[in-house]
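Engineer: Quick one: structure below, then a few questions.
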Amino acid sequence: METVGIGVIGCDEMGSRLAIHAHDIEGLEVISVCDIEDELAKDLASDIDVDYTTDFQELMSDERIHKVIIPTSLTTRQIWEEAEKTDKCISFGIDKDMPEYEIQHMLIEHILPTEAWDKAFQKAVKLLK
């Protein structure tokens, strides 16, 4: 199975949780994170040992990245307009109290190819125990 390269635009609480949990799923690899606030991007990138940028267009043009998760607000219209021009755009919203296994389930279902689901779901279910 080929690994799906992930980029995350928005490194606040929601973006951080999505990036951290995506990073833990076999078959997904977070390549880079992005935020207009350099420190947010730098801190998250350091936590999960990935690249970071403050330029969302740089992240979206990275050929190692197959899907871009955008947990930012729709008020960031320029990002959405640019992202929609690619087939990489995926938007997610999560509740701040959403359990880790639900976040991983959502990422697995929406990003991984279906042939990789069983193995990834088995690992996510272990979080319930």
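Lettering and numbering for the structure tokens are positional, with chains as A, B, ... in the shown order, residues counted from 1 in each chain, and ligands counted from 1 in the shown order.
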Name all residues at most 8 Å from Val33 of chain A (count only C-alpha atoms; drop same-chain ones fewer than 4 positions away) and give them as a PyMOL selection string.
Structural biologist: chain A and resi 7-11+19+41+44-45+50-53+59
Engineer: For the atom pair atom CA of Ser16 of chain A and atom CA of Ser61 of chain A, what is the interatomic distance in Å to one decimal place?
Structural biologist: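 For atom CA of Ser16 of chain A relative to atom CA of Ser61 of chain A, the distance reads 20.9 Å.
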Engineer: Identify which of the residues A:His23, A:Lys85, A:His66, A:Arg17 lies closest to Glu102 of chain A, counting only C-alpha atoms when measuring atom-to-atom distances.
Structural biologist: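 So, comparing all the options, the nearest one is A:Arg17.
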Engineer: Measure the distance from atom CA of Glu58 of chain A to atom CA of Ile25 of chain A in Å and round it to one decimal.
Structural biologist: 24.3 Å
Engineer: Rounded to one decimal, what separation in Å do you get between atom CA of Ile70 of chain A and atom CA of Gly15 of chain A?
Structural biologist: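 Here the two named atoms are 7.7 Å from each other.
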Engineer: Using only C-alpha atoms, find the one residue out of A:Ile65, A:Met98, A:His21, A:Asp12 that sits nearest to Lys42 of chain A.
Structural biologist: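 Residue with the minimum atom-to-atom distance to Lys42 of chain A: A:Asp12.
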Engineer: Determine, counting only C-alpha atoms, which protein, DNA and RNA residues have an atom within 8 Å of an atom of Ile6 of chain A; residues of the same chain fewer than 4 positions away are not included. Present the result as a PyMOL selection string.
Structural biologist: chain A and resi 28-32+65-69
